[in-house]
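Just protein37.csv here, CSV, C-alpha atoms:
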chain,number,residue,atom,x,y,z
A,1,MET,CA,1.2,-3.0,16.3
A,2,MET,CA,2.5,-0.5,13.7
A,3,LYS,CA,0.0,2.0,12.4
A,4,ILE,CA,-0.2,3.7,9.0
A,5,GLN,CA,-2.9,6.3,9.7
A,6,GLU,CA,-2.8,8.1,6.4
A,7,LEU,CA,-1.0,7.6,3.1
A,8,ILE,CA,-0.8,10.6,0.8
A,9,LEU,CA,-0.2,10.0,-3.0
A,10,TYR,CA,0.1,12.4,-5.9
A,11,THR,CA,-1.6,12.2,-9.3
A,12,SER,CA,-2.1,14.2,-12.5
A,13,ARG,CA,-5.3,12.3,-13.0
A,14,LEU,CA,-7.3,13.5,-10.1
A,15,LYS,CA,-10.8,13.0,-11.6
A,16,GLU,CA,-10.0,9.4,-12.7
A,17,GLN,CA,-8.6,8.6,-9.3
A,18,TYR,CA,-11.6,10.1,-7.6
A,19,GLN,CA,-14.0,8.0,-9.7
A,20,PHE,CA,-11.9,4.8,-9.1
A,21,TYR,CA,-11.7,5.1,-5.3
A,22,THR,CA,-15.2,6.4,-4.7
A,23,GLU,CA,-17.1,4.5,-7.4
A,24,THR,CA,-15.1,1.5,-8.5
A,25,LEU,CA,-13.9,0.5,-5.0
A,26,GLN,CA,-16.8,2.3,-3.3
A,27,LEU,CA,-14.6,3.7,-0.5
A,28,PRO,CA,-16.3,6.2,1.8
A,29,LEU,CA,-15.4,9.8,1.0
A,30,VAL,CA,-14.0,11.7,3.9
A,31,LYS,CA,-13.5,15.1,2.1
A,32,ALA,CA,-12.8,16.5,-1.3
A,33,SER,CA,-11.8,19.8,-2.9
A,34,HIS,CA,-10.7,20.9,-6.4
A,35,ASP,CA,-7.1,19.6,-5.9
A,36,GLN,CA,-7.4,16.6,-3.5
A,37,PHE,CA,-9.7,14.0,-1.9
A,38,THR,CA,-9.5,11.6,1.0
A,39,VAL,CA,-11.2,8.2,1.4
A,40,GLN,CA,-11.5,5.9,4.4
A,41,VAL,CA,-9.7,2.6,4.2
A,42,GLY,CA,-10.7,0.8,7.4
A,43,ARG,CA,-8.7,2.4,10.2
A,44,SER,CA,-6.5,4.3,7.7
A,45,GLN,CA,-7.1,7.1,5.2
A,46,LEU,CA,-5.9,7.5,1.7
A,47,THR,CA,-5.4,11.0,0.3
A,48,ILE,CA,-4.8,11.8,-3.4
A,49,LEU,CA,-3.4,15.2,-4.2
A,50,LYS,CA,-3.2,16.7,-7.6
A,51,LYS,CA,0.3,17.2,-8.7
A,52,ARG,CA,2.6,16.6,-11.7
A,53,GLN,CA,2.8,13.0,-12.8
A,54,THR,CA,4.9,10.7,-10.6
A,55,PRO,CA,6.1,7.1,-11.0
A,56,ALA,CA,3.9,4.3,-9.8
A,57,VAL,CA,3.5,3.5,-6.1
A,58,HIS,CA,2.7,0.1,-4.5
A,59,TYR,CA,0.7,-0.2,-1.3
A,60,ALA,CA,-1.3,-2.9,0.4
A,61,ILE,CA,-4.6,-3.1,2.4
A,62,ASN,CA,-5.2,-5.8,5.0
A,63,ILE,CA,-8.4,-7.8,4.6
A,64,PRO,CA,-9.8,-10.5,7.0
A,65,SER,CA,-7.8,-13.7,7.1
A,66,ASN,CA,-10.6,-15.8,5.8
A,67,MET,CA,-11.9,-13.7,3.0
A,68,THR,CA,-9.5,-14.2,0.0
A,69,GLN,CA,-12.0,-15.9,-2.2
A,70,LYS,CA,-14.9,-13.5,-1.4
A,71,ALA,CA,-12.6,-10.6,-2.1
A,72,LEU,CA,-11.5,-12.2,-5.3
A,73,HIS,CA,-15.1,-12.5,-6.4
A,74,TRP,CA,-15.8,-8.8,-5.5
A,75,LEU,CA,-12.7,-7.5,-7.2
A,76,LYS,CA,-13.3,-9.5,-10.4
A,77,GLN,CA,-16.6,-7.6,-10.9
A,78,ARG,CA,-14.7,-4.2,-10.7
A,79,VAL,CA,-11.1,-4.4,-11.8
A,80,LYS,CA,-8.7,-6.4,-13.9
A,81,LEU,CA,-6.5,-8.5,-11.6
A,82,LEU,CA,-2.7,-8.7,-12.0
A,83,PRO,CA,-1.9,-12.4,-12.0
A,84,TYR,CA,1.4,-14.1,-11.2
A,85,GLU,CA,2.2,-17.3,-13.1
A,86,GLY,CA,-1.4,-17.4,-14.2
A,87,ASN,CA,-2.8,-17.2,-10.7
A,88,ASP,CA,-5.0,-14.4,-9.5
A,89,VAL,CA,-4.6,-15.4,-5.9
A,90,ILE,CA,-0.9,-15.3,-5.0
A,91,ASP,CA,0.2,-17.4,-2.1
A,92,PHE,CA,3.0,-16.0,0.1
A,93,GLU,CA,3.8,-19.1,2.0
A,94,ASN,CA,6.6,-17.5,4.0
A,95,TRP,CA,4.2,-14.9,5.3
A,96,ASN,CA,1.3,-17.2,5.6
A,97,ALA,CA,-0.8,-14.8,3.5
A,98,ASP,CA,-2.8,-14.6,0.2
A,99,ALA,CA,-2.6,-11.5,-2.0
A,100,LEU,CA,-4.7,-10.0,-4.8
A,101,TYR,CA,-3.2,-7.3,-7.0
A,102,PHE,CA,-4.7,-4.7,-9.4
A,103,TYR,CA,-4.0,-1.2,-10.8
A,104,ASP,CA,-5.8,1.9,-9.7
A,105,ALA,CA,-6.6,4.6,-12.3
A,106,ASP,CA,-3.1,6.0,-12.2
A,107,GLY,CA,-1.3,2.7,-12.6
A,108,ASN,CA,-0.4,2.3,-8.9
A,109,ILE,CA,-0.2,-1.3,-7.8
A,110,VAL,CA,-2.8,-1.9,-5.1
A,111,GLU,CA,-2.8,-5.1,-3.1
A,112,PHE,CA,-5.5,-6.8,-0.9
A,113,ILE,CA,-3.7,-9.1,1.5
A,114,ALA,CA,-5.2,-11.7,3.8
A,115,ARG,CA,-2.7,-12.5,6.6
A,116,LYS,CA,-3.7,-15.8,8.2
A,117,ASN,CA,-1.5,-15.1,11.3
A,118,LEU,CA,-3.7,-12.3,12.4
A,119,HIS,CA,-6.7,-14.6,12.8
A,120,ILE,CA,-9.2,-11.9,11.9
A,121,HIS,CA,-12.4,-13.3,10.4
A,122,GLY,CA,-15.0,-11.5,8.4
A,123,ALA,CA,-18.6,-12.6,7.9
A,124,GLY,CA,-21.0,-12.3,4.9
A,125,ASP,CA,-20.2,-11.2,1.4
A,126,PHE,CA,-17.1,-9.1,0.9
A,127,SER,CA,-17.6,-5.3,0.9
A,128,PRO,CA,-15.4,-2.2,1.4
A,129,ALA,CA,-16.4,-2.4,5.1
A,130,HIS,CA,-14.1,-5.4,5.3
A,131,LEU,CA,-11.0,-3.4,4.5
A,132,MET,CA,-9.0,-3.2,7.7
A,133,ASN,CA,-6.2,-0.7,7.2
A,134,ILE,CA,-3.4,0.3,4.8
A,135,SER,CA,-0.7,-2.2,5.9
A,136,GLU,CA,2.2,-1.8,3.4
A,137,VAL,CA,3.8,1.1,1.6
A,138,ALA,CA,6.7,0.4,-0.7
A,139,LEU,CA,9.7,2.7,-0.7
A,140,PRO,CA,12.0,2.0,-3.7
A,141,SER,CA,15.5,3.5,-3.6
A,142,SER,CA,19.1,2.9,-4.6
A,143,ASP,CA,20.1,2.7,-0.9
A,144,ILE,CA,17.9,0.5,1.3
A,145,HIS,CA,20.2,1.0,4.3
A,146,ASN,CA,19.9,4.8,4.2
A,147,VAL,CA,16.1,4.6,4.1
A,148,TYR,CA,16.1,2.1,7.0
A,149,ASP,CA,18.4,4.4,9.1
A,150,ALA,CA,16.1,7.4,8.4
A,151,LEU,CA,13.0,5.5,9.4
A,152,ASN,CA,14.7,4.1,12.5
A,153,SER,CA,15.7,7.6,13.6
A,154,ILE,CA,12.1,8.7,13.5
A,155,ALA,CA,10.9,5.7,15.6
A,156,LYS,CA,12.5,2.3,16.3
A,157,ILE,CA,11.3,-0.2,13.7
A,158,PRO,CA,12.1,-4.0,13.5
A,159,ILE,CA,13.1,-5.9,10.4
A,160,PHE,CA,10.2,-8.2,9.5
A,161,ASP,CA,11.8,-10.0,6.6
A,162,GLY,CA,14.6,-9.7,4.1
A,163,SER,CA,17.9,-7.9,4.3
A,164,PHE,CA,19.7,-4.8,3.0
A,165,ASP,CA,20.7,-6.5,-0.2
A,166,ARG,CA,17.6,-6.2,-2.5
A,167,PHE,CA,14.4,-6.3,-0.3
A,168,CYS,CA,13.7,-5.5,3.3
A,169,ALA,CA,10.3,-5.3,5.0
A,170,LEU,CA,10.2,-3.3,8.2
A,171,GLY,CA,7.4,-3.3,10.9
A,172,ASP,CA,4.8,-6.0,11.5
A,173,GLU,CA,1.8,-7.5,9.9
A,174,TYR,CA,-0.4,-4.4,10.8
A,175,GLY,CA,2.0,-2.0,9.1
A,176,LEU,CA,5.1,-2.6,6.9
A,177,PHE,CA,7.4,-0.4,4.9
A,178,ILE,CA,8.7,-2.4,2.0
A,179,LEU,CA,12.2,-1.3,1.0
A,180,ILE,CA,13.4,-2.4,-2.4
A,181,ASP,CA,16.6,-1.8,-4.3
A,182,THR,CA,15.7,-0.3,-7.6
A,183,GLN,CA,18.8,-1.8,-9.2
A,184,LYS,CA,18.0,-5.4,-8.1
A,185,LYS,CA,14.2,-5.8,-7.8
A,186,LYS,CA,11.2,-4.9,-9.9
A,187,TRP,CA,7.6,-4.4,-9.0
A,188,PHE,CA,5.7,-7.6,-8.1
A,189,PRO,CA,3.8,-9.1,-9.8
A,190,THR,CA,4.1,-7.1,-13.0
A,191,MET,CA,7.9,-7.0,-13.1
A,192,GLU,CA,7.8,-3.4,-14.2
A,193,GLU,CA,10.8,-1.2,-13.3
A,194,ALA,CA,10.4,0.3,-9.8
A,195,TYR,CA,11.2,4.0,-9.5
A,196,PRO,CA,11.1,6.2,-6.3
A,197,ALA,CA,7.7,8.0,-6.2
A,198,ASP,CA,7.0,11.0,-4.0
A,199,LEU,CA,4.5,10.2,-1.2
A,200,GLU,CA,3.8,11.0,2.5
A,201,VAL,CA,3.0,8.7,5.4
A,202,LYS,CA,1.3,9.7,8.7
A,203,GLY,CA,1.1,7.4,11.7
A,204,ASP,CA,3.8,5.9,13.9
A,205,HIS,CA,6.3,7.2,11.4
A,206,ASN,CA,5.6,10.6,9.9
A,207,PHE,CA,7.6,11.4,6.8
A,208,LYS,CA,7.7,12.5,3.2
A,209,PHE,CA,9.4,10.2,0.8
A,210,ILE,CA,10.9,12.5,-1.9
A,211,ASN,CA,13.3,11.4,-4.6
A,212,GLY,CA,14.0,8.2,-2.8
A,213,THR,CA,14.9,9.9,0.5
A,214,VAL,CA,13.0,10.0,3.8
A,215,HIS,CA,12.2,13.5,5.3
A,216,LYS,CA,10.8,13.5,8.8
A,217,THR,CA,7.5,15.5,9.3
A,218,GLU,CA,5.6,16.6,12.3
A,219,ALA,CA,3.4,14.0,14.0
A,220,LEU,CA,-0.4,14.1,13.7
A,221,VAL,CA,-2.1,16.0,16.5

Is it possible to give me this structure as structure tokens?
Amino acid sequence: MMKIQELILYTSRLKEQYQFYTETLQLPLVKASHDQFTVQVGRSQLTILKKRQTPAVHYAINIPSNMTQKALHWLKQRVKLLPYEGNDVIDFENWNADALYFYDADGNIVEFIARKNLHIHGAGDFSPAHLMNISEVALPSSDIHNVYDALNSIAKIPIFDGSFDRFCALGDEYGLFILIDTQKKKWFPTMEEAYPADLEVKGDHNFKFINGTVHKTEALV
């Protein structure tokens, strides 16, 4: 089981992001200061740091396997969903999963994904308490193989799906790094150009992703 314990993103719109995550999505606030805040996302944490503007990021959050429709209803009351071919619920048949996409206040593409293979069932109406963990972080670059080698040198990581041609998912259904070739693939489902954005990950792999390159950092104590 691969763990993403914390994802650190950067923004020039800290106030808007704070309102989005604490009010719109109603995520529990862990801590906040004048230049950053952290919210709880199930077993993971999301930290937003004030910094110069960066390109859009894509990340995903696991939700219970049986709660796609309830999560859809909950999200529709709060955000504008990003459909694909007219469908708000996107069926990833190969992964046996359903996904819902929306923007945060900074234009990052956030995904709620219900992975049927995990057989994790939630009860009652959907709420932020049903969010399980941050389960995907996209790492766009012009050299997928180089990113894979760097991640594998930090800790061994299997290929979950894809290849080194245009798209390669590393890890497992609890935690995936999505490597995409910026010359061959765009953001899904919006088909916007994907650019490398600076971010940091803490967990089984501890690294900063800067200008499309992985830089190892110290592990969490």

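Using only C-alpha atoms, the smallest distance between any of A:Asp125, A:Asp98, A:Glu16, A:Asp104 and Tyr59 of chain A comes from A:Asp104.
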
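Atom CA of Asn133 of chain A is positioned 17.9 Å from atom CA of Trp74 of chain A.
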
Practice prompt. For segment 167-178 of chain A, list every protein, DNA or RNA residue within 7 Å, evaluated using only C-alpha atoms, and leave out those in the same chain fewer than 5 positions away; present the list as a list in words.
Written response: Met1, Met2, Lys3, Ile4, Ser135, Glu136, Val137, Ala138, Leu139, Ile157, Pro158, Ile159, Phe160, Asp161 and Gly162 of chain A

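Here atom CA of Ala150 of chain A stands at a distance of 20.0 Å from atom CA of Gln183 of chain A.
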
Fill in: Pick from A:Asn206, A:Ser153, A:Ser142, A:Ser127, whichever lies nearest to Lys184 of chain A using all atoms listed in the file
A:Ser142

Worksheet item: Which protein, DNA or RNA residues have an atom at most 9 Å from (-4.0, -16.3, 5.9), counting only C-alpha atoms? List them as number ranges by chain.
Response: A: 64-68, 95-98, 113-119

Item to complete: Within 12 Å of Leu100 of chain A, counting all atoms listed in the file, which residues show up once you throw out same-chain ones fewer than 4 positions away? Write them as a ChimeraX atom specification, please.
Response: /A:59-63,67-76,79-84,87-92,109-115,188-189

Worksheet item: Which residue, A:Glu6, A:Asp165, A:Asp181, A:Asp106, has the smallest gap to Pro196 of chain A when you use all atoms listed in the file?
Response: A:Asp181

Write a file for segment 94-109 of chain A of the given structure; include N, CA and C atoms and format it as a short mmCIF file (atom, residue, chain, number, x, y, z; two decimals), in the first residue's frame.
data_model
loop_
_atom_site.label_atom_id
_atom_site.label_comp_id
_atom_site.auth_asym_id
_atom_site.auth_seq_id
_atom_site.Cartn_x
_atom_site.Cartn_y
_atom_site.Cartn_z
N ASN A 94 -10.92 0.26 -17.47
CA ASN A 94 -9.68 -0.50 -17.29
C ASN A 94 -9.22 -0.51 -15.83
N TRP A 95 -9.57 0.53 -15.09
CA TRP A 95 -9.17 0.62 -13.68
C TRP A 95 -10.31 0.24 -12.75
N ASN A 96 -11.48 -0.11 -13.32
CA ASN A 96 -12.66 -0.46 -12.52
C ASN A 96 -12.96 0.64 -11.50
N ALA A 97 -13.06 1.86 -12.02
CA ALA A 97 -13.24 3.03 -11.16
C ALA A 97 -14.11 4.08 -11.83
N ASP A 98 -14.77 4.89 -11.00
CA ASP A 98 -15.53 6.06 -11.46
C ASP A 98 -14.85 7.31 -10.94
N ALA A 99 -14.86 8.38 -11.76
CA ALA A 99 -14.17 9.60 -11.35
C ALA A 99 -15.04 10.83 -11.58
N LEU A 100 -14.86 11.82 -10.71
CA LEU A 100 -15.52 13.12 -10.80
C LEU A 100 -14.43 14.18 -10.75
N TYR A 101 -14.49 15.15 -11.66
CA TYR A 101 -13.44 16.16 -11.76
C TYR A 101 -14.00 17.56 -11.55
N PHE A 102 -13.19 18.45 -10.95
CA PHE A 102 -13.58 19.85 -10.78
C PHE A 102 -12.32 20.67 -10.53
N TYR A 103 -12.44 21.98 -10.72
CA TYR A 103 -11.33 22.90 -10.44
C TYR A 103 -11.37 23.35 -8.98
N ASP A 104 -10.20 23.57 -8.39
CA ASP A 104 -10.17 24.33 -7.14
C ASP A 104 -10.10 25.81 -7.49
N ALA A 105 -9.88 26.67 -6.50
CA ALA A 105 -9.93 28.12 -6.74
C ALA A 105 -8.74 28.63 -7.54
N ASP A 106 -7.73 27.79 -7.75
CA ASP A 106 -6.55 28.20 -8.48
C ASP A 106 -6.45 27.51 -9.84
N GLY A 107 -7.52 26.79 -10.22
CA GLY A 107 -7.51 26.12 -11.51
C GLY A 107 -6.82 24.77 -11.52
N ASN A 108 -6.45 24.26 -10.34
CA ASN A 108 -5.94 22.89 -10.27
C ASN A 108 -7.08 21.92 -10.52
N ILE A 109 -6.80 20.81 -11.18
CA ILE A 109 -7.82 19.83 -11.50
C ILE A 109 -7.85 18.77 -10.39
#
